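Structure record follows, encoded as structure tokens.
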Amino acid sequence: MFNFSPPEDFYDVTYGNLIDELTLIASQEIKSGILSIQKQYQMSDWLTFEFIQRVIESMKMNGDAKVVSFLCMLRGFGYHVTLVKPSINGKEHLGLGIVCKEKVFGVSFLRMDDMYVLMYDVFKSALMTVENQGVHVFDMKTRSRFQLSRVFNLGEVGSPVFPLTPVVKKDLVWEYAKEEFHLNVAMSAHLLKYYNNYPQLGIAFHFAPLPYKEDSQTDYGERCNFPEETIFAKYSDCEDRSVLLAKLVELIIKCDVVGLKFKNHISIGVKIDELNENDFTVKDRKGTSYIHCDPSFMKSRAGDVNDDLIRQEVTMITKTN
């Protein structure tokens with residue numbers, strides 16, 4: 001994390017006025033069309049961001065012109081974005097500064113009042129992780145003629161309307177009580193891709209057919225899947241399975257669920273009325289008990305716990321954390 005307080009003279013008046021003029025042109029030309037598409041497909045802030053980037057890509061621009069054009073288009077929609085120039089491998093690199101409410105897992109960010117500024121590489125289409133060195137921030141909000149009141153709300157993933165095809169299908173197979181079960185699932189390939197590209201906000205809060213593998217051993221690296229991703233992923237780890245199980249318990253059984261964070265492990269606790277004295281449980285501050293359920297502990301039942309976890313300190317993760 002980097003902290004910064006832009007000095008008043010950091011804003012270049014001439015350059016800022018040019019940005020305002022370009023923003024006005026960009027917003028007048030295609031804003032109404034994009035707004036119509038945004039409404040029709042119920043696009044979230046992040047999907048709108050990706051869509052506008054596709055528009056910029058179609059213009060075949062290179063270098064800083066591409067970054068500035070993207071900036072102007074976003075500002076035309078009222079989003080508070082700015083230019084940043086972090087040091088990457090000893091060289092300064094012009095990128096976008098995206099102002100949002102949430103801290104994103106696994107990337108570098110700046111603090112600005114009570115907001116976060118994420119640094120985005122337009123050429124790699126990815127959020128940046130940069131060295132802890134000076135980052136130039138061009139604060140173009142103060143004197144801009146535009147009301148840059150919109151910050152990216154990444155906490156609202158939304159349910160965008162995607163084409164129904166192509167569809168990704170998977171047959172989940174597992175055995176329980178010596179009986180084999182099958183569950184056929186299908187999902188829009190576009191929706192899966194949307195989840196896969198979505199910034200990781202961290203964890204917001206006994207699935208045998210989902211092969212286990214640590215994130216560090218996969219192509220994606222450390223991340224926490226959306227429940228739908230875990231179903232279709234080739235591998236999943238403890239937090240992926242816990243988020244999926246929590247979602248299923250909430251939707252189907254209608255029980256309250258909390259996350260349980262051990263030193264190097266994530267599982268869940270479920271609030272149920274009937275508990276046995278041998279069940280491993282965790283209590284919240286109000287004294288409410290939650291039975292331990294670990295989807296990564298093979299052949300376990302509700303209330304079971306791995307011996308390695310019994311004496312470890314556990315932190316309860318709720319939806320307000």
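If you're wondering about the labels, chains in the structure tokens are A, B, ... by order shown, residues count from 1 in each chain, ligands from 1 in order shown.
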Excluding same-chain residues fewer than 6 positions from Asn225 (chain A), what lies within 12 Å of it counting only C-alpha atoms, as a list in words?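 Contacts, with the query itself left out: Leu192, Lys193, Tyr194, Tyr195, Asn196, Asn197, Tyr198, Pro199, Gln200, Leu201, Gly202, Ile203, Ala204, Asp215, Ile231, Phe232, Ala233, Lys234, Tyr235, Ser236, Asp237, Cys238, Glu239, Asp240, Arg241, Ser242, Val243 and Leu244 of chain A.
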Can I get the selected residues back with N, CA and C atoms, as an mmCIF file, in the first residue's frame?
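File written: result34.cif
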data_model
loop_
_atom_site.group_PDB
_atom_site.id
_atom_site.type_symbol
_atom_site.label_atom_id
_atom_site.label_comp_id
_atom_site.auth_asym_id
_atom_site.auth_seq_id
_atom_site.Cartn_x
_atom_site.Cartn_y
_atom_site.Cartn_z
ATOM 1 N N LEU A 192 -18.913 -17.222 -16.588
ATOM 2 C CA LEU A 192 -17.719 -17.779 -15.952
ATOM 3 C C LEU A 192 -16.495 -16.909 -16.215
ATOM 4 N N LYS A 193 -16.362 -16.434 -17.444
ATOM 5 C CA LYS A 193 -15.233 -15.571 -17.790
ATOM 6 C C LYS A 193 -15.311 -14.256 -17.023
ATOM 7 N N TYR A 194 -16.519 -13.735 -16.871
ATOM 8 C CA TYR A 194 -16.720 -12.493 -16.118
ATOM 9 C C TYR A 194 -16.262 -12.664 -14.673
ATOM 10 N N TYR A 195 -16.657 -13.761 -14.038
ATOM 11 C CA TYR A 195 -16.227 -14.030 -12.668
ATOM 12 C C TYR A 195 -14.714 -14.194 -12.586
ATOM 13 N N ASN A 196 -14.151 -14.879 -13.576
ATOM 14 C CA ASN A 196 -12.718 -15.154 -13.568
ATOM 15 C C ASN A 196 -11.888 -13.877 -13.660
ATOM 16 N N ASN A 197 -12.392 -12.881 -14.397
ATOM 17 C CA ASN A 197 -11.663 -11.622 -14.583
ATOM 18 C C ASN A 197 -11.963 -10.590 -13.500
ATOM 19 N N TYR A 198 -12.910 -10.900 -12.619
ATOM 20 C CA TYR A 198 -13.345 -9.906 -11.641
ATOM 21 C C TYR A 198 -12.275 -9.705 -10.562
ATOM 22 N N PRO A 199 -12.019 -8.451 -10.155
ATOM 23 C CA PRO A 199 -11.022 -8.202 -9.098
ATOM 24 C C PRO A 199 -11.355 -8.959 -7.825
ATOM 25 N N GLN A 200 -10.325 -9.493 -7.188
ATOM 26 C CA GLN A 200 -10.509 -10.295 -5.985
ATOM 27 C C GLN A 200 -10.630 -9.405 -4.759
ATOM 28 N N LEU A 201 -11.793 -9.456 -4.109
ATOM 29 C CA LEU A 201 -12.017 -8.630 -2.930
ATOM 30 C C LEU A 201 -11.695 -9.370 -1.641
ATOM 31 N N GLY A 202 -11.156 -10.577 -1.743
ATOM 32 C CA GLY A 202 -10.893 -11.366 -0.548
ATOM 33 C C GLY A 202 -12.140 -12.133 -0.160
ATOM 34 N N ILE A 203 -12.075 -12.866 0.928
ATOM 35 C CA ILE A 203 -13.198 -13.703 1.339
ATOM 36 C C ILE A 203 -14.256 -12.839 2.008
ATOM 37 N N ALA A 204 -15.439 -12.744 1.468
ATOM 38 C CA ALA A 204 -16.525 -11.964 2.041
ATOM 39 C C ALA A 204 -17.124 -12.733 3.206
ATOM 40 N N ASP A 215 -3.800 -22.886 -4.319
ATOM 41 C CA ASP A 215 -3.761 -21.856 -5.358
ATOM 42 C C ASP A 215 -2.353 -21.638 -5.893
ATOM 43 N N ILE A 231 -17.366 -24.728 -8.977
ATOM 44 C CA ILE A 231 -18.052 -25.892 -9.544
ATOM 45 C C ILE A 231 -17.404 -26.327 -10.850
ATOM 46 N N PHE A 232 -17.002 -25.351 -11.671
ATOM 47 C CA PHE A 232 -16.476 -25.683 -12.992
ATOM 48 C C PHE A 232 -14.948 -25.709 -13.046
ATOM 49 N N ALA A 233 -14.285 -25.285 -11.965
ATOM 50 C CA ALA A 233 -12.826 -25.260 -11.962
ATOM 51 C C ALA A 233 -12.254 -26.673 -11.921
ATOM 52 N N LYS A 234 -11.073 -26.816 -12.483
ATOM 53 C CA LYS A 234 -10.407 -28.117 -12.459
ATOM 54 C C LYS A 234 -9.967 -28.458 -11.042
ATOM 55 N N TYR A 235 -9.538 -27.436 -10.294
ATOM 56 C CA TYR A 235 -9.105 -27.633 -8.911
ATOM 57 C C TYR A 235 -9.699 -26.546 -8.021
ATOM 58 N N SER A 236 -9.724 -26.810 -6.724
ATOM 59 C CA SER A 236 -10.163 -25.810 -5.750
ATOM 60 C C SER A 236 -9.417 -26.049 -4.450
ATOM 61 N N ASP A 237 -9.323 -24.997 -3.614
ATOM 62 C CA ASP A 237 -8.688 -25.173 -2.312
ATOM 63 C C ASP A 237 -9.682 -24.832 -1.206
ATOM 64 N N CYS A 238 -9.182 -24.705 0.033
ATOM 65 C CA CYS A 238 -10.087 -24.644 1.189
ATOM 66 C C CYS A 238 -11.039 -23.452 1.160
ATOM 67 N N GLU A 239 -10.535 -22.252 0.792
ATOM 68 C CA GLU A 239 -11.449 -21.108 0.807
ATOM 69 C C GLU A 239 -12.468 -21.175 -0.322
ATOM 70 N N ASP A 240 -12.064 -21.739 -1.484
ATOM 71 C CA ASP A 240 -13.013 -21.899 -2.590
ATOM 72 C C ASP A 240 -14.163 -22.820 -2.177
ATOM 73 N N ARG A 241 -13.822 -23.947 -1.581
ATOM 74 C CA ARG A 241 -14.834 -24.918 -1.166
ATOM 75 C C ARG A 241 -15.714 -24.366 -0.049
ATOM 76 N N SER A 242 -15.097 -23.604 0.847
ATOM 77 C CA SER A 242 -15.864 -23.052 1.968
ATOM 78 C C SER A 242 -16.888 -22.031 1.490
ATOM 79 N N VAL A 243 -16.491 -21.179 0.540
ATOM 80 C CA VAL A 243 -17.427 -20.189 -0.002
ATOM 81 C C VAL A 243 -18.572 -20.888 -0.730
ATOM 82 N N LEU A 244 -18.253 -21.930 -1.491
ATOM 83 C CA LEU A 244 -19.294 -22.683 -2.200
ATOM 84 C C LEU A 244 -20.241 -23.366 -1.213
#
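The spacing separating CA of Phe262 (chain A) from CA of Thr315 (chain A) amounts to 6.6 Å.
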All residues 10 Å or closer to Val305 (chain A), only C-alpha atoms, same chain fewer than 2 positions away omitted, as a list in words: Ser267, Asp279, Phe280, Thr281, His292, Cys293, Asp294, Phe297, Ser300, Arg301, Ala302, Gly303, Asp307, Asp308, Leu309 and Ile310 of chain A
Mind writing the picked residues with C-alpha atoms as a PDB file, in the first residue's frame?
ATOM      1  CA  SER A 267     -13.708 -23.653   6.807  1.00  0.00           C
ATOM      2  CA  ASP A 279     -19.250 -31.627  17.946  1.00  0.00           C
ATOM      3  CA  PHE A 280     -16.546 -29.031  17.373  1.00  0.00           C
ATOM      4  CA  THR A 281     -18.276 -25.663  17.671  1.00  0.00           C
ATOM      5  CA  HIS A 292     -17.824 -26.738  12.311  1.00  0.00           C
ATOM      6  CA  CYS A 293     -18.138 -27.923   8.697  1.00  0.00           C
ATOM      7  CA  ASP A 294     -14.966 -28.482   6.692  1.00  0.00           C
ATOM      8  CA  PHE A 297     -11.690 -32.651   5.335  1.00  0.00           C
ATOM      9  CA  SER A 300     -15.845 -35.913   7.533  1.00  0.00           C
ATOM     10  CA  ARG A 301     -19.257 -35.026   8.925  1.00  0.00           C
ATOM     11  CA  ALA A 302     -20.614 -31.816  10.420  1.00  0.00           C
ATOM     12  CA  GLY A 303     -18.913 -31.312  13.777  1.00  0.00           C
ATOM     13  CA  ASP A 307      -6.609 -32.869  14.756  1.00  0.00           C
ATOM     14  CA  ASP A 308      -4.166 -30.187  13.563  1.00  0.00           C
ATOM     15  CA  LEU A 309      -6.828 -27.485  13.996  1.00  0.00           C
ATOM     16  CA  ILE A 310      -8.270 -28.323  17.418  1.00  0.00           C
TER      17      ILE A 310
END
Could you find all residues in region 153-321 of chain A that DSSP calls alpha helix (DSSP H) from the backbone, and write them as a PyMOL selection string? chain A and resi 189-197+227-232+238-248
Based on the selection just made, write N, CA and C atoms of those residues as a CSV table (one decimal), in the first residue's frame.
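Final output, part.csv:
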chain,number,residue,atom,x,y,z
A,189,ALA,N,-20.7,-19.6,-20.5
A,189,ALA,CA,-19.3,-19.5,-20.5
A,189,ALA,C,-18.9,-18.0,-20.4
A,190,HIS,N,-19.8,-17.1,-20.8
A,190,HIS,CA,-19.5,-15.7,-20.7
A,190,HIS,C,-19.5,-15.3,-19.2
A,191,LEU,N,-20.5,-15.8,-18.4
A,191,LEU,CA,-20.6,-15.5,-17.0
A,191,LEU,C,-19.4,-16.0,-16.2
A,192,LEU,N,-18.9,-17.2,-16.6
A,192,LEU,CA,-17.7,-17.8,-16.0
A,192,LEU,C,-16.5,-16.9,-16.2
A,193,LYS,N,-16.4,-16.4,-17.4
A,193,LYS,CA,-15.2,-15.6,-17.8
A,193,LYS,C,-15.3,-14.3,-17.0
A,194,TYR,N,-16.5,-13.7,-16.9
A,194,TYR,CA,-16.7,-12.5,-16.1
A,194,TYR,C,-16.3,-12.7,-14.7
A,195,TYR,N,-16.7,-13.8,-14.0
A,195,TYR,CA,-16.2,-14.0,-12.7
A,195,TYR,C,-14.7,-14.2,-12.6
A,196,ASN,N,-14.2,-14.9,-13.6
A,196,ASN,CA,-12.7,-15.2,-13.6
A,196,ASN,C,-11.9,-13.9,-13.7
A,197,ASN,N,-12.4,-12.9,-14.4
A,197,ASN,CA,-11.7,-11.6,-14.6
A,197,ASN,C,-12.0,-10.6,-13.5
A,227,PRO,N,-18.6,-18.9,-6.1
A,227,PRO,CA,-19.1,-20.3,-6.0
A,227,PRO,C,-19.2,-21.0,-7.4
A,228,GLU,N,-19.7,-20.3,-8.4
A,228,GLU,CA,-19.9,-20.9,-9.7
A,228,GLU,C,-18.6,-21.3,-10.3
A,229,GLU,N,-17.5,-20.5,-10.1
A,229,GLU,CA,-16.2,-20.9,-10.6
A,229,GLU,C,-15.7,-22.2,-10.0
A,230,THR,N,-15.9,-22.3,-8.7
A,230,THR,CA,-15.4,-23.6,-8.1
A,230,THR,C,-16.1,-24.8,-8.6
A,231,ILE,N,-17.4,-24.7,-9.0
A,231,ILE,CA,-18.1,-25.9,-9.5
A,231,ILE,C,-17.4,-26.3,-10.9
A,232,PHE,N,-17.0,-25.4,-11.7
A,232,PHE,CA,-16.5,-25.7,-13.0
A,232,PHE,C,-14.9,-25.7,-13.0
A,238,CYS,N,-9.2,-24.7,0.0
A,238,CYS,CA,-10.1,-24.6,1.2
A,238,CYS,C,-11.0,-23.5,1.2
A,239,GLU,N,-10.5,-22.3,0.8
A,239,GLU,CA,-11.4,-21.1,0.8
A,239,GLU,C,-12.5,-21.2,-0.3
A,240,ASP,N,-12.1,-21.7,-1.5
A,240,ASP,CA,-13.0,-21.9,-2.6
A,240,ASP,C,-14.2,-22.8,-2.2
A,241,ARG,N,-13.8,-23.9,-1.6
A,241,ARG,CA,-14.8,-24.9,-1.2
A,241,ARG,C,-15.7,-24.4,0.0
A,242,SER,N,-15.1,-23.6,0.8
A,242,SER,CA,-15.9,-23.1,2.0
A,242,SER,C,-16.9,-22.0,1.5
A,243,VAL,N,-16.5,-21.2,0.5
A,243,VAL,CA,-17.4,-20.2,0.0
A,243,VAL,C,-18.6,-20.9,-0.7
A,244,LEU,N,-18.3,-21.9,-1.5
A,244,LEU,CA,-19.3,-22.7,-2.2
A,244,LEU,C,-20.2,-23.4,-1.2
A,245,LEU,N,-19.7,-24.0,-0.2
A,245,LEU,CA,-20.5,-24.7,0.8
A,245,LEU,C,-21.4,-23.7,1.5
A,246,ALA,N,-20.8,-22.6,1.9
A,246,ALA,CA,-21.6,-21.6,2.6
A,246,ALA,C,-22.8,-21.1,1.8
A,247,LYS,N,-22.5,-20.9,0.5
A,247,LYS,CA,-23.6,-20.5,-0.4
A,247,LYS,C,-24.7,-21.5,-0.5
A,248,LEU,N,-24.3,-22.8,-0.7
A,248,LEU,CA,-25.3,-23.8,-0.8
A,248,LEU,C,-26.1,-24.0,0.5
Determine, counting only C-alpha atoms, which protein, DNA and RNA residues have an atom within 9 Å of an atom of Glu102 (chain A); residues of the same chain fewer than 5 positions away are not included. Present the result as a list in words. Met115, Tyr116, Phe152, Asn153, Leu154, Gly155 and Leu201 of chain A
If we count only C-alpha atoms and set the cut-off at 12 Å, which residues sit around Arg285 (chain A), ignoring sequence neighbours fewer than 2 positions away in its own chain? Please answer as a ChimeraX atom specification. /A:282-283,287-290,315-316,318
If we count only C-alpha atoms and set the cut-off at 8 Å, which residues sit around Val107 (chain A), ignoring sequence neighbours fewer than 5 positions away in its own chain? Please answer as a list in words. Leu118, Leu127, Met128 and Thr129 of chain A
Residue selection dump (C-alpha atoms) as a CSV table (one decimal), in the first residue's frame:
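File part_38.csv, as written:
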chain,number,residue,atom,x,y,z
A,118,LEU,CA,-6.1,0.8,-7.9
A,127,LEU,CA,-4.4,-4.4,-12.1
A,128,MET,CA,-0.8,-3.6,-11.2
A,129,THR,CA,1.5,-4.9,-8.5
Which residues, written as a tab-separated table (two decimals) with N, CA and C atoms, in the first residue's frame, have at least one atom at most 9 Å from Ile98 (chain A), with only C-alpha atoms counted and residues fewer than 4 positions away on the same chain left out?
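Result file is selection28.tsv:
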chain	number	residue	atom	x	y	z
A	79	TYR	N	-17.02	8.64	-13.79
A	79	TYR	CA	-16.17	7.85	-12.91
A	79	TYR	C	-14.94	8.66	-12.48
A	80	HIS	N	-14.59	8.54	-11.21
A	80	HIS	CA	-13.40	9.22	-10.71
A	80	HIS	C	-12.18	8.36	-11.02
A	81	VAL	N	-11.53	8.65	-12.11
A	81	VAL	CA	-10.30	7.98	-12.50
A	81	VAL	C	-9.25	9.05	-12.79
A	82	THR	N	-8.01	8.69	-12.64
A	82	THR	CA	-6.93	9.63	-12.89
A	82	THR	C	-5.77	8.89	-13.53
A	83	LEU	N	-4.69	9.59	-13.78
A	83	LEU	CA	-3.50	8.96	-14.34
A	83	LEU	C	-2.48	8.72	-13.23
A	116	TYR	N	-9.85	3.82	-2.06
A	116	TYR	CA	-8.66	3.14	-2.55
A	116	TYR	C	-8.47	3.49	-4.02
A	117	VAL	N	-7.22	3.66	-4.42
A	117	VAL	CA	-6.91	3.92	-5.83
A	117	VAL	C	-6.13	2.71	-6.35
A	118	LEU	N	-6.76	1.96	-7.25
A	118	LEU	CA	-6.12	0.80	-7.86
A	118	LEU	C	-5.39	1.25	-9.11
A	119	MET	N	-4.22	0.70	-9.35
A	119	MET	CA	-3.43	1.05	-10.53
A	119	MET	C	-3.64	0.00	-11.61
A	120	TYR	N	-4.05	0.46	-12.79
A	120	TYR	CA	-4.44	-0.46	-13.86
A	120	TYR	C	-3.53	-0.29	-15.07
A	151	VAL	N	-17.55	6.43	-7.96
A	151	VAL	CA	-16.40	5.58	-7.68
A	151	VAL	C	-16.83	4.15	-8.00
A	152	PHE	N	-15.88	3.33	-8.35
A	152	PHE	CA	-16.20	1.96	-8.74
A	152	PHE	C	-16.66	1.16	-7.52
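Nearest to Gly78 (chain A) of all the residues A:Val55, A:Lys31, A:Lys103, A:Leu47 is A:Lys31, counting only C-alpha atoms.
When CA of Ser32 (chain A) is paired with CA of Lys66 (chain A), their separation reads 21.3 Å.
Using only C-alpha atoms, the nearest neighbour of Gly95 (chain A) within the list A:Leu183, A:Val258, A:Val122, A:Val161 is A:Val122.
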Among the residues of region 50-292 of chain A, find those DSSP assigns to strand (DSSP E) from the backbone and print them as JSON, numbers by chain. {"A": [81, 82, 83, 84, 85, 87, 88, 91, 92, 95, 96, 97, 98, 99, 100, 109, 110, 111, 112, 115, 116, 117, 118, 119, 120, 121, 126, 127, 136, 137, 138, 167, 168, 169, 170, 171, 172, 173, 174, 175, 176, 179, 180, 181, 182, 183, 184, 185, 186, 187, 188, 257, 258, 259, 260, 261, 266, 267, 268, 269, 270, 281, 282, 283, 289, 290, 291, 292]}
Keeping C-alpha atoms for every residue in the selection just given, could you write it to a file as an mmCIF file, in the first residue's frame?
data_model
loop_
_atom_site.group_PDB
_atom_site.id
_atom_site.type_symbol
_atom_site.label_atom_id
_atom_site.label_comp_id
_atom_site.auth_asym_id
_atom_site.auth_seq_id
_atom_site.Cartn_x
_atom_site.Cartn_y
_atom_site.Cartn_z
ATOM 1 C CA VAL A 81 -10.296 7.979 -12.500
ATOM 2 C CA THR A 82 -6.932 9.632 -12.888
ATOM 3 C CA LEU A 83 -3.498 8.965 -14.340
ATOM 4 C CA VAL A 84 -0.745 7.276 -12.351
ATOM 5 C CA LYS A 85 2.874 6.675 -13.236
ATOM 6 C CA SER A 87 7.868 2.576 -11.294
ATOM 7 C CA ILE A 88 7.953 -0.912 -12.805
ATOM 8 C CA LYS A 91 10.950 2.458 -15.493
ATOM 9 C CA GLU A 92 7.977 4.770 -15.096
ATOM 10 C CA GLY A 95 -1.511 3.774 -16.210
ATOM 11 C CA LEU A 96 -4.979 4.460 -14.845
ATOM 12 C CA GLY A 97 -5.824 5.154 -11.222
ATOM 13 C CA ILE A 98 -9.258 3.671 -10.464
ATOM 14 C CA VAL A 99 -10.959 5.071 -7.375
ATOM 15 C CA CYS A 100 -13.081 2.472 -5.576
ATOM 16 C CA PHE A 109 -3.203 0.347 -4.138
ATOM 17 C CA LEU A 110 -3.033 3.940 -2.936
ATOM 18 C CA ARG A 111 -5.070 5.457 -0.118
ATOM 19 C CA MET A 112 -7.007 8.642 -0.806
ATOM 20 C CA MET A 115 -11.120 5.410 -0.772
ATOM 21 C CA TYR A 116 -8.661 3.137 -2.545
ATOM 22 C CA VAL A 117 -6.908 3.915 -5.825
ATOM 23 C CA LEU A 118 -6.115 0.803 -7.858
ATOM 24 C CA MET A 119 -3.433 1.053 -10.528
ATOM 25 C CA TYR A 120 -4.439 -0.463 -13.861
ATOM 26 C CA ASP A 121 -2.165 -1.433 -16.757
ATOM 27 C CA ALA A 126 -4.637 -6.098 -15.526
ATOM 28 C CA LEU A 127 -4.377 -4.440 -12.136
ATOM 29 C CA HIS A 136 3.261 9.972 -9.517
ATOM 30 C CA VAL A 137 -0.458 10.685 -9.287
ATOM 31 C CA PHE A 138 -2.031 13.304 -11.538
ATOM 32 C CA VAL A 167 -22.608 -23.214 -22.291
ATOM 33 C CA VAL A 168 -20.060 -24.953 -20.081
ATOM 34 C CA LYS A 169 -21.292 -28.300 -18.734
ATOM 35 C CA LYS A 170 -19.951 -30.587 -16.050
ATOM 36 C CA ASP A 171 -21.043 -33.856 -14.464
ATOM 37 C CA LEU A 172 -20.199 -33.958 -10.758
ATOM 38 C CA VAL A 173 -19.890 -37.487 -9.394
ATOM 39 C CA TRP A 174 -19.394 -38.533 -5.771
ATOM 40 C CA GLU A 175 -20.100 -41.385 -3.410
ATOM 41 C CA TYR A 176 -21.918 -41.197 -0.082
ATOM 42 C CA GLU A 179 -24.187 -44.931 -3.120
ATOM 43 C CA GLU A 180 -23.024 -42.991 -6.173
ATOM 44 C CA PHE A 181 -24.575 -39.619 -6.928
ATOM 45 C CA HIS A 182 -24.514 -37.512 -10.101
ATOM 46 C CA LEU A 183 -25.227 -33.821 -10.538
ATOM 47 C CA ASN A 184 -25.274 -32.287 -14.014
ATOM 48 C CA VAL A 185 -24.582 -28.554 -14.008
ATOM 49 C CA ALA A 186 -24.436 -25.995 -16.819
ATOM 50 C CA MET A 187 -23.529 -22.332 -16.942
ATOM 51 C CA SER A 188 -22.924 -19.538 -19.437
ATOM 52 C CA VAL A 257 -23.233 -19.339 8.083
ATOM 53 C CA VAL A 258 -19.927 -17.796 9.160
ATOM 54 C CA GLY A 259 -16.423 -18.313 7.862
ATOM 55 C CA LEU A 260 -13.819 -19.808 10.202
ATOM 56 C CA LYS A 261 -10.214 -18.764 9.675
ATOM 57 C CA ILE A 266 -10.502 -21.773 6.000
ATOM 58 C CA SER A 267 -13.708 -23.653 6.807
ATOM 59 C CA ILE A 268 -17.237 -22.647 7.854
ATOM 60 C CA GLY A 269 -19.541 -22.731 10.863
ATOM 61 C CA VAL A 270 -23.279 -23.376 10.526
ATOM 62 C CA THR A 281 -18.276 -25.663 17.671
ATOM 63 C CA VAL A 282 -17.343 -21.990 17.745
ATOM 64 C CA LYS A 283 -19.274 -19.261 19.575
ATOM 65 C CA SER A 289 -22.855 -21.638 18.632
ATOM 66 C CA TYR A 290 -21.893 -22.657 15.098
ATOM 67 C CA ILE A 291 -21.062 -26.248 14.222
ATOM 68 C CA HIS A 292 -17.824 -26.738 12.311
#
